[in-house]
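**Student:** Below you'll find the structure I mean.
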Amino acid sequence: MIALIQRVLEARVTVAGQTVGEIGPGLLALLAVEKGDAPANAARMVERLLGYRVFSDAEGRMNLSLADTGGELLLVSQFTLAADTTKGMRPSFTPAASPEDAERLFNEVVALAKRCHPKVATGVFGAEMSVSLINHGPVTFRLTA
């Protein structure tokens, strides 16, 4: 499982012109499920999303997590993160989980995150989405679980 996280001042996902998920300060997480991922990967990813220290403390050091700051989390499925880009000029999506498995595990991440954190929004799995954000820092990290 792969997540590309971005520290944001705000982020929004729209589908067909309608806002389906929106947050204020916090993290936008673009999430890909790979073949072989299991519920344990989902649990570890939620632990990392909520606990990864990317927010500044009083001294300006990245010592605070989303759980520490009470920031919001926007989860957006993005299978293209699982692409193999090592050969040629076109990505291969062989490493990505099947749509059925990916949806099941993405929903598991969402459910676990909502149980552990009060401010979670999402996109729509499998939909063509428009994502807008104001990246704060900018701060962007790739997490795996």
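Simple scheme: letters A, B, ... for chains in structure tokens order, numbers from 1 for residues in each chain, numbers from 1 for ligands in the order shown.
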Using only C-alpha atoms, what table do you get, as a Markdown table, when you list each residue of segment 17-100 of chain A with an atom no more than 10 Å from segment 111-116 of chain A, its nearest pair of atoms, and their distance in Å rounded to one decimal, rows by chain then rising number?
**Tutor:**
```
| residue | atom | partner | partner_atom | distance |
| --- | --- | --- | --- | --- |
| A:Ala42 | CA | A:Leu112 | CA | 8.1 |
| A:Ala43 | CA | A:Leu112 | CA | 7.0 |
| A:Met45 | CA | A:Ala113 | CA | 9.3 |
| A:Val46 | CA | A:Ala113 | CA | 5.9 |
| A:Glu47 | CA | A:Ala113 | CA | 8.5 |
| A:Leu49 | CA | A:Ala113 | CA | 8.6 |
| A:Leu50 | CA | A:Ala113 | CA | 8.0 |
| A:Ala67 | CA | A:Cys116 | CA | 8.9 |
| A:Leu73 | CA | A:Ala113 | CA | 8.6 |
| A:Leu75 | CA | A:Ala113 | CA | 9.4 |
```
**Student:** Assign secondary structure with DSSP using the backbone only, and return the residues of segment 42-75 of chain A in alpha helix (DSSP H) as a PyMOL selection string.
**Tutor:** chain A and resi 42-51+66-69
**Student:** Among chain A, which residues does DSSP mark as strand (DSSP E or B) when it is run on the backbone? Keep the chain and numbering as in the structure and answer as a PyMOL selection string.
**Tutor:** chain A and resi 2-15+18-23+26-32+34+55-56+62-64+72-77+84+92+96+120-122+130-144
**Student:** Between A:Ser130, A:Thr86, A:Ser92, A:Ser65, which is the closest to Gly21 of chain A once you count only C-alpha atoms?
**Tutor:** A:Ser130
**Student:** As an exercise, work out the distance from atom CA of Thr122 of chain A to atom CA of Asp101 of chain A in Å and give it to one decimal place.
**Tutor:**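 That distance, rounded to one decimal, is 17.8 Å.
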